[in-house]
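Here the structure comes first, spelled out in structure tokens, and everything after it is commentary.
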Amino acid sequence: MTGDAATVATANHEAQAAADRLGTLFDAHHQRLYRLARRLSGSADEARDLVQDTFLRAARAPASVPTGPSAEEAWLVRVLINLCRDRRRQTANRERLDRSTAPAGIEAPDPEAAFVARSVVWTALATLDPRRRAVLVMHELEGLPIDAVARTLGVTAVTVRWHLSKGRRQLAAAIRGEGGKP
Amino acid sequence: MNELRDWLRDGDPVASEPPLSEMDRRRMRQAIVTVGETQQSPFADWVRGSWGVATVVIGLTIAVGTTRWFTPGPDVRQAHVDAPSVAVPEHVTRRQVQLIAPGGTRVIWIFNADFKP
């Protein structure tokens, strides 16, 4: 039937167009997204998974990805942060379960003191909520101005300032807590 | 806050680790593009769905039209009914025919075999 052939041709054409767009999207944003994912996650493996999951979400819902480089990037960053939140929630649940089932008194072995000293701030950063952590990373490490962070995350500049202030205070408190240990 | 920034930069994993390798990049890209290709777009679904619906509607229209074309209307059909509408004993020879006009008016003719003018 001619209609069926036309439908198949349209579907093929659309699938090819969607694949091309995804490829372009990936080429344009994967490096920046990986850097952010690495700074938001505990390991390179986790960062790779996060980046892949972010783009897979775009692949499954291509219509929801806005057009334009900055809008695309903002959408991807938000998805990445949401995925970080989901993972953090899952990890927290798992750890809670492990704590409730593991025998008391067992602690992770201390890493080397030099490494601890260098990574104390990153350890503290890992305790923050992913969105707050993203605000700190984007502003403090990537050097993005507050307005740009707000645009990327889809929040107001006031919210970004609030997250920065709270995040810095939380980090300082965590660092003081770590520093106080013998 | 410069101190915090310095601490963050000192421990920045992006600065101390290699970037995403070419192999990882290719593997990831391939996986994403493959999912994108196999994913049906809403437009394609809609087009396919509308073709199906159109086919069913046309088929039903033809079937209903054909049935009505070859079936006599209700008034004619009832006019040809020679069976009594109510159970009447065999020995009674009364027959009736009901006609229903399109407006709903019902005409009942009762034939009386004993009638002698």
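Residues in the structure tokens are named by chain (A, B, ... in the order shown) and by number from 1 within that chain; ligands are numbered from 1 in the order shown.
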
**Message:** So that I can check the surroundings of Arg38 (chain A), please list as number ranges by chain every protein, DNA and RNA residue that reaches within 10 Å of it, counting only C-alpha atoms and ignoring chain neighbours fewer than 2 positions away.
**Reply:** A: 32-36, 40-48, 50-51; B: 12-14, 17, 19

Taking only C-alpha atoms into account, produce a table as CSV in which each residue of chain B with an atom at most 7 Å from an atom of chain A appears once, together with its shortest atom pair and the distance in Å to one decimal, ordered by chain and rising number.
```
residue,atom,partner,partner_atom,distance
B:Arg5,CA,A:Glu140,CA,5.7
B:Trp7,CA,A:Val121,CA,6.4
B:Leu8,CA,A:Val121,CA,6.4
B:Arg9,CA,A:Leu141,CA,6.7
B:Asp10,CA,A:Arg118,CA,6.9
B:Gly11,CA,A:Ser119,CA,5.4
B:Pro13,CA,A:Arg39,CA,6.7
B:Val14,CA,A:Arg35,CA,6.2
B:Met28,CA,A:Gln52,CA,6.2
B:Arg29,CA,A:Gly23,CA,6.7
B:Ile32,CA,A:Leu56,CA,5.6
B:Val33,CA,A:Ala19,CA,5.1
B:Val35,CA,A:Ala59,CA,6.1
B:Gly36,CA,A:Ala59,CA,4.7
B:Glu37,CA,A:Ala15,CA,4.8
B:Gln39,CA,A:Arg60,CA,6.4
B:Ala44,CA,A:Ala11,CA,5.2
B:Val47,CA,A:Thr7,CA,6.6
B:Arg48,CA,A:Thr7,CA,6.4
```

**Prompt:** If you measure from CA of Trp51 (chain B) to CA of Arg68 (chain B), what distance in Å do you get, rounded to one decimal?
**Reply:**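 So the answer is 25.8 Å.
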
**Complete:** Atom pair CA of Gly154 (chain A) + CA of Arg78 (chain A), distance 8.1 Å

**Asked** Can you list every residue in region 117-148 of chain A that DSSP puts in helix (DSSP H, G or I), as a VMD selection string?
**Response** chain A and resid 117 to 126 130 to 141 146 to 148

Restricting it to N, CA and C atoms, dump the selection as a CSV table (one decimal), in the first residue's frame.
```csv
chain,number,residue,atom,x,y,z
A,117,ALA,N,44.0,15.0,53.5
A,117,ALA,CA,44.2,16.4,53.6
A,117,ALA,C,43.8,17.1,52.3
A,118,ARG,N,44.2,16.5,51.2
A,118,ARG,CA,44.0,17.2,49.9
A,118,ARG,C,42.5,17.0,49.5
A,119,SER,N,41.9,15.9,49.8
A,119,SER,CA,40.5,15.7,49.3
A,119,SER,C,39.5,16.0,50.4
A,120,VAL,N,39.9,16.6,51.5
A,120,VAL,CA,38.9,16.8,52.5
A,120,VAL,C,37.7,17.7,52.0
A,121,VAL,N,38.1,18.7,51.2
A,121,VAL,CA,37.0,19.6,50.7
A,121,VAL,C,36.1,18.9,49.7
A,122,TRP,N,36.7,17.9,49.0
A,122,TRP,CA,35.9,17.2,48.1
A,122,TRP,C,35.0,16.2,48.8
A,123,THR,N,35.5,15.6,49.9
A,123,THR,CA,34.7,14.7,50.7
A,123,THR,C,33.5,15.5,51.2
A,124,ALA,N,33.8,16.7,51.7
A,124,ALA,CA,32.7,17.5,52.2
A,124,ALA,C,31.7,17.9,51.1
A,125,LEU,N,32.3,18.2,49.9
A,125,LEU,CA,31.4,18.5,48.8
A,125,LEU,C,30.4,17.4,48.5
A,126,ALA,N,30.9,16.2,48.6
A,126,ALA,CA,30.1,15.0,48.3
A,126,ALA,C,28.9,14.9,49.2
A,130,PRO,N,23.0,17.4,45.3
A,130,PRO,CA,23.6,17.5,44.0
A,130,PRO,C,23.3,18.9,43.4
A,131,ARG,N,22.2,19.5,43.6
A,131,ARG,CA,21.9,20.8,43.0
A,131,ARG,C,22.9,21.8,43.6
A,132,ARG,N,23.0,21.8,44.9
A,132,ARG,CA,23.9,22.8,45.6
A,132,ARG,C,25.3,22.5,45.2
A,133,ARG,N,25.6,21.3,45.1
A,133,ARG,CA,27.0,20.9,44.7
A,133,ARG,C,27.3,21.4,43.3
A,134,ALA,N,26.3,21.3,42.4
A,134,ALA,CA,26.4,21.7,41.0
A,134,ALA,C,26.6,23.3,41.0
A,135,VAL,N,25.9,23.9,41.9
A,135,VAL,CA,26.0,25.4,41.9
A,135,VAL,C,27.4,25.8,42.3
A,136,LEU,N,27.9,25.1,43.3
A,136,LEU,CA,29.3,25.4,43.8
A,136,LEU,C,30.3,25.1,42.7
A,137,VAL,N,30.2,23.9,42.1
A,137,VAL,CA,31.1,23.5,41.1
A,137,VAL,C,31.1,24.5,39.9
A,138,MET,N,29.9,24.8,39.4
A,138,MET,CA,29.8,25.7,38.3
A,138,MET,C,30.3,27.1,38.6
A,139,HIS,N,30.1,27.6,39.8
A,139,HIS,CA,30.5,28.9,40.1
A,139,HIS,C,32.0,29.0,40.5
A,140,GLU,N,32.3,28.1,41.4
A,140,GLU,CA,33.7,28.2,42.0
A,140,GLU,C,34.8,27.5,41.1
A,141,LEU,N,34.4,26.4,40.4
A,141,LEU,CA,35.4,25.7,39.6
A,141,LEU,C,35.4,26.1,38.2
A,146,ILE,N,27.0,34.1,38.3
A,146,ILE,CA,25.8,33.6,39.0
A,146,ILE,C,24.6,33.6,38.0
A,147,ASP,N,24.5,34.6,37.2
A,147,ASP,CA,23.4,34.6,36.2
A,147,ASP,C,23.4,33.4,35.2
A,148,ALA,N,24.6,33.1,34.8
A,148,ALA,CA,24.7,31.9,33.9
A,148,ALA,C,24.4,30.6,34.6
```

**Item:** Straight-line distance linking CA of Thr67 (chain A) with CA of Ala150 (chain A), stated in Å to one decimal
**Value:**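 Distance between the two atoms: 18.6 Å.
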